[in-house]
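One structure is given here, and the rest of the page talks about it.
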Amino acid sequence: MVAQTFEQHCSWLEDQVPDENLKAAGLRFDSGSSIALLKIQESEVWSLLLTTLTEWDDAYFRDTGGYKLFASSDRPKLVRKPFDSLLDKAYRKNVLMNPNWPEPPEDGWVTQETWYAKTNDIIRTTVVVKYMDGVDYFTTAAGQLCDSLGLGHTVDLEARAEGYYAAHFYVPQIIDIPRTNWDTESVPLRLEIQVTTQLQDAIRKLTHEGYVSRRSVEKPAEQWQWDYKDANFAPNYLGHILHYIEGMIMEIRDRGRVS
Amino acid sequence: MNEKNESPVMAYLDDLVVSSVIRNRVLEIEEFYTALLQGSVAERIFVSETVDSEGQRIFESLWFFFAEAWCEAHNFQVEDKFDVVRIERISYAITERHEYKTGKATTKSRLSLNFKLSNTNLGQLKASGENCNALSLILQELIMPRVVTET
């Protein structure tokens with residue numbers, strides 16, 4: 001691959017499937033991801049997860065001596081990745097964050113043929129817990145639920161230099177999506193459940209918007225840590241500070257229980 | 001109310017829609033009170049609850065109404081703090097309602113009841129949503145008949 005800019009990368013993607021331009025690929029992706037969203041919404045694991053949230057909340061309240069697990073009673077909602085965001089992610093994986101570039105990344109190029117399997121958050125939701133230990137409590141309980149249904153699951157504890165802290169819980173799914181000839185094929189896809197705390201969620205927009213706006217910049221800014229005037233400096237370090245404060249809150253809460 | 005052939009406790013819990021964690025805890029406390037009152041059977045129960053600013057239901061206390069005594073388990077999800085009081089007369093009762101008409105609860109309905117026994121004991125019960133109907137029945141059937149007439 002010789003593409004270096006985002007636009008060059010889009011042209012390169014178009015060349016990967018000669019019979020389909022990127023606009024048509026976008027329509028096909030929107031159709032496929034809508035099907036995936038619907039299938040997951042109707043799945044047993046999603047339905048059980050929604051009905052079991054109250055059980056976990058009450059169990060956590062009992063186990064912690066009176067603290068709520070979730071930040072609100074709102075049920076988590078599934079969302080699908082917009083096509084623009086998918087293109088952005090493919091560019092980052094293929095070019096910006098690919099140490100082998102211009103050779104393929106370790107696990108191969110992200111293209112129209114592979115992006116369902118290689119993109120983690122095509123269908124995702126967010127669960128907001130009140131306290132730091134709620135992240136582990138939720139992922140453990142959700143893992144047990146997946147086990148009971150014979151489904152696999154994986155958990156990634158994200159701790160990024162940009163001050164982003166969350167657990168990403170993944171449930172594998174097989175979804176029938178349209179091919180270029182609008183026949184269907186079964187592809188693997190993972191439901192992503194982002195589990196974050198109330199404080200992190202409060203600054204999530206701040207840090208995430210900064211993260212989104214700069215992640216497709218062709219040359220990653222690496223020196224923000226030393227430039228206090230950099231737009232990323234304050235929101236990113238706020239993320240780290242809040243993570244530290246949340247640890248302290250847990251410490252104080254646990255101390256209160258012991259005494 | 002639930003028309004299935006089950007105890008008033010189970011029927012009430014079905015109507016309240018609670019998790020198995022709460023249900024098991026309620027049954028555990030019922031067992032304690034039944035033993036304490038030598039096998040008496042609770043005629044009615046009530047979970048005093050409210051909804052916080054984030055829309056989450058907060059359970060405050062659990063009431064059992066036996067023929068010979070009324071019992072309150074404070075902060076029953078996490079504490080073992082159990083009151084028992086024999087009820088003879090109630091000197092006054094105050095209710096406060098919000099978006100509630102008797103027997104016609106909506107999700108926005110709130111109802112609270114404060115009452116004073118003929119001694120200095122006070123009782124407070126709160127309800128939200130459908131639980132307002134249960135509290136309204138307690139007011140009509142258990143509280144009002146015991147409110148003393150001034151002479």
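Residues in the structure tokens are numbered from 1 in each chain, the chains being A, B, ... in the order shown, and ligands are numbered from 1 in the order shown.
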
Write down, as a PyMOL selection string, each residue of chain B that has any atom within 10 Å of an atom of chain A, counting only C-alpha atoms.
-> chain B and resi 18-22+25+51-58+75-79

Those residues you just picked out, can you put them in a file as a CSV table (one decimal), in the first residue's frame with N, CA and C atoms?
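So the final result, stored in result_34.csv, reads:
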```
chain,number,residue,atom,x,y,z
B,18,VAL,N,-39.7,-7.3,42.0
B,18,VAL,CA,-38.4,-7.2,42.6
B,18,VAL,C,-37.5,-8.3,42.2
B,19,SER,N,-36.2,-8.1,42.4
B,19,SER,CA,-35.2,-9.2,42.0
B,19,SER,C,-35.3,-10.3,43.0
B,20,SER,N,-34.6,-11.4,42.6
B,20,SER,CA,-34.6,-12.6,43.5
B,20,SER,C,-33.8,-12.3,44.8
B,21,VAL,N,-32.9,-11.3,44.6
B,21,VAL,CA,-32.1,-10.9,45.8
B,21,VAL,C,-33.0,-10.3,46.9
B,22,ILE,N,-33.9,-9.4,46.5
B,22,ILE,CA,-34.8,-8.8,47.4
B,22,ILE,C,-35.8,-9.8,47.9
B,25,ARG,N,-34.4,-12.0,50.5
B,25,ARG,CA,-34.2,-11.3,51.8
B,25,ARG,C,-35.5,-11.1,52.5
B,51,VAL,N,-38.0,6.9,44.9
B,51,VAL,CA,-37.2,7.0,43.7
B,51,VAL,C,-36.2,8.2,43.8
B,52,ASP,N,-35.0,7.9,43.6
B,52,ASP,CA,-34.0,9.0,43.7
B,52,ASP,C,-33.9,9.9,42.5
B,53,SER,N,-33.1,10.9,42.5
B,53,SER,CA,-33.0,11.8,41.4
B,53,SER,C,-32.5,11.2,40.1
B,54,GLU,N,-31.9,10.0,40.2
B,54,GLU,CA,-31.4,9.3,39.0
B,54,GLU,C,-32.4,8.3,38.5
B,55,GLY,N,-33.6,8.3,39.1
B,55,GLY,CA,-34.6,7.4,38.7
B,55,GLY,C,-34.5,6.0,39.2
B,56,GLN,N,-33.6,5.8,40.2
B,56,GLN,CA,-33.4,4.5,40.8
B,56,GLN,C,-34.3,4.3,42.0
B,57,ARG,N,-34.9,3.1,42.1
B,57,ARG,CA,-35.8,2.8,43.2
B,57,ARG,C,-34.9,2.5,44.5
B,58,ILE,N,-35.2,3.2,45.6
B,58,ILE,CA,-34.5,3.0,46.8
B,58,ILE,C,-35.4,2.3,47.8
B,75,ASN,N,-33.8,-0.5,56.7
B,75,ASN,CA,-32.7,-0.6,55.8
B,75,ASN,C,-32.5,-2.1,55.5
B,76,PHE,N,-33.5,-2.8,55.2
B,76,PHE,CA,-33.6,-4.3,55.3
B,76,PHE,C,-32.6,-5.0,54.3
B,77,GLN,N,-32.2,-4.3,53.3
B,77,GLN,CA,-31.3,-5.0,52.3
B,77,GLN,C,-29.9,-5.3,52.9
B,78,VAL,N,-29.5,-4.4,53.8
B,78,VAL,CA,-28.1,-4.6,54.4
B,78,VAL,C,-28.1,-4.7,55.9
B,79,GLU,N,-29.2,-4.4,56.6
B,79,GLU,CA,-29.1,-4.4,58.0
B,79,GLU,C,-30.0,-5.4,58.7
```

Give me the residues within 7 Å of range 143-149 of chain B as an NGL selection string, counting only C-alpha atoms and dropping any in the same chain fewer than 4 places off.
-> :B and (88-92 or 138-139)

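CA of Gly26 in chain A sits 9.3 Å away from CA of Gln112 in chain A.
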
Report as an NGL selection string: the residues of chain B with a DSSP assignment of strand (DSSP E), based on the backbone of this structure.
-> :B and (44-51 or 57-65 or 70-74 or 81-85 or 90-98 or 110-117 or 122-128)

Save the residues we just selected, C-alpha atoms, as an mmCIF file, in the first residue's frame?
```cif
data_model
loop_
_atom_site.group_PDB
_atom_site.id
_atom_site.type_symbol
_atom_site.label_atom_id
_atom_site.label_comp_id
_atom_site.auth_asym_id
_atom_site.auth_seq_id
_atom_site.Cartn_x
_atom_site.Cartn_y
_atom_site.Cartn_z
ATOM 1 C CA ARG B 44 -49.837 -8.126 54.695
ATOM 2 C CA ILE B 45 -46.429 -6.735 53.896
ATOM 3 C CA PHE B 46 -45.229 -3.456 52.502
ATOM 4 C CA VAL B 47 -41.894 -2.276 51.163
ATOM 5 C CA SER B 48 -41.364 1.401 51.874
ATOM 6 C CA GLU B 49 -39.513 2.798 48.904
ATOM 7 C CA THR B 50 -38.795 5.943 46.990
ATOM 8 C CA VAL B 51 -37.189 6.970 43.706
ATOM 9 C CA ARG B 57 -35.806 2.843 43.237
ATOM 10 C CA ILE B 58 -34.463 2.985 46.785
ATOM 11 C CA PHE B 59 -35.861 0.453 49.236
ATOM 12 C CA GLU B 60 -35.973 1.938 52.726
ATOM 13 C CA SER B 61 -37.767 -0.437 55.066
ATOM 14 C CA LEU B 62 -39.864 -3.555 55.093
ATOM 15 C CA TRP B 63 -43.124 -3.807 57.040
ATOM 16 C CA PHE B 64 -44.988 -6.935 58.118
ATOM 17 C CA PHE B 65 -48.506 -6.575 59.444
ATOM 18 C CA TRP B 70 -46.647 -4.596 63.270
ATOM 19 C CA CYS B 71 -42.992 -5.086 62.427
ATOM 20 C CA GLU B 72 -40.492 -2.906 60.608
ATOM 21 C CA ALA B 73 -37.108 -4.031 59.282
ATOM 22 C CA HIS B 74 -35.046 -0.879 58.766
ATOM 23 C CA LYS B 81 -32.503 -4.123 62.626
ATOM 24 C CA PHE B 82 -35.988 -5.307 63.458
ATOM 25 C CA ASP B 83 -38.769 -3.460 65.303
ATOM 26 C CA VAL B 84 -41.914 -5.015 66.676
ATOM 27 C CA VAL B 85 -44.771 -2.992 68.126
ATOM 28 C CA ILE B 90 -53.211 5.476 66.278
ATOM 29 C CA SER B 91 -53.425 9.082 67.417
ATOM 30 C CA TYR B 92 -52.999 10.645 63.989
ATOM 31 C CA ALA B 93 -52.114 9.871 60.406
ATOM 32 C CA ILE B 94 -50.904 12.243 57.711
ATOM 33 C CA THR B 95 -50.673 11.396 54.025
ATOM 34 C CA GLU B 96 -49.037 13.315 51.249
ATOM 35 C CA ARG B 97 -49.676 12.467 47.647
ATOM 36 C CA HIS B 98 -48.217 13.524 44.317
ATOM 37 C CA ARG B 110 -45.884 9.147 44.930
ATOM 38 C CA LEU B 111 -47.629 8.587 48.244
ATOM 39 C CA SER B 112 -46.319 8.849 51.778
ATOM 40 C CA LEU B 113 -47.932 8.121 55.101
ATOM 41 C CA ASN B 114 -46.807 9.225 58.545
ATOM 42 C CA PHE B 115 -48.628 8.023 61.615
ATOM 43 C CA LYS B 116 -48.245 8.275 65.356
ATOM 44 C CA LEU B 117 -49.183 5.573 67.762
ATOM 45 C CA LEU B 122 -43.907 7.049 64.790
ATOM 46 C CA GLY B 123 -44.240 5.155 61.540
ATOM 47 C CA GLN B 124 -43.407 6.268 58.023
ATOM 48 C CA LEU B 125 -44.268 4.467 54.799
ATOM 49 C CA LYS B 126 -43.486 5.687 51.296
ATOM 50 C CA ALA B 127 -44.478 4.420 47.890
ATOM 51 C CA SER B 128 -43.886 5.170 44.246
#
```

Would you mind listing what lies within 12 Å of Gln223 in chain A as an MDAnalysis selection string, with only C-alpha atoms counted and same-chain residues fewer than 6 positions away left out?
-> chainID A and resid 161:162 229:233

Would you give me, as a VMD selection string, the residues in range 4-247 of chain A that DSSP reads as alpha helix (DSSP H)?
-> chain A and resid 6 to 16 22 to 41 44 to 64 83 to 91 115 to 118 133 to 148 198 to 215 233 to 247

Can you pull out every residue within 12 Å of His243 in chain A, counting only C-alpha atoms, but drop anything in the same chain fewer than 4 positions away, and send it as an NGL selection string?
-> :A and (131-133 or 158-160 or 163-166 or 196-201 or 203-204 or 236-239 or 247-250)

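CA of Ser186 in chain A is positioned 21.7 Å from CA of Leu13 in chain A.
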
Quote the spacing between CA of Gly39 in chain B and CA of Glu68 in chain B in Å to one decimal place.
->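 One can read the CA of Gly39 in chain B to CA of Glu68 in chain B distance as 11.7 Å.
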
10 Å contact set for range 15-21 of chain A, only C-alpha atoms, chain neighbours under 3 positions out, as a short mmCIF file (atom, residue, chain, number, x, y, z; two decimals) with C-alpha atoms, in the first residue's frame:
```cif
data_model
loop_
_atom_site.label_atom_id
_atom_site.label_comp_id
_atom_site.auth_asym_id
_atom_site.auth_seq_id
_atom_site.Cartn_x
_atom_site.Cartn_y
_atom_site.Cartn_z
CA HIS A 9 -6.54 5.31 1.94
CA CYS A 10 -10.19 5.61 0.82
CA SER A 11 -9.07 5.28 -2.81
CA TRP A 12 -7.00 2.26 -1.88
CA ALA A 24 -21.96 1.42 -2.35
CA ALA A 25 -19.77 -0.24 0.28
CA GLY A 26 -21.14 2.26 2.79
CA ARG A 28 -23.94 -2.30 2.20
CA THR A 111 -10.99 -3.93 4.13
CA GLN A 112 -14.60 -4.35 3.06
CA GLU A 113 -14.00 -8.11 3.28
CA THR A 180 -21.59 -7.31 -2.89
CA ASN A 181 -24.18 -9.23 -4.96
#
```

Of the candidates B:Asp15, B:Glu141, B:Asp80, B:Glu130, which one gets nearest to Tyr100 in chain B if we count only C-alpha atoms?
-> B:Glu130
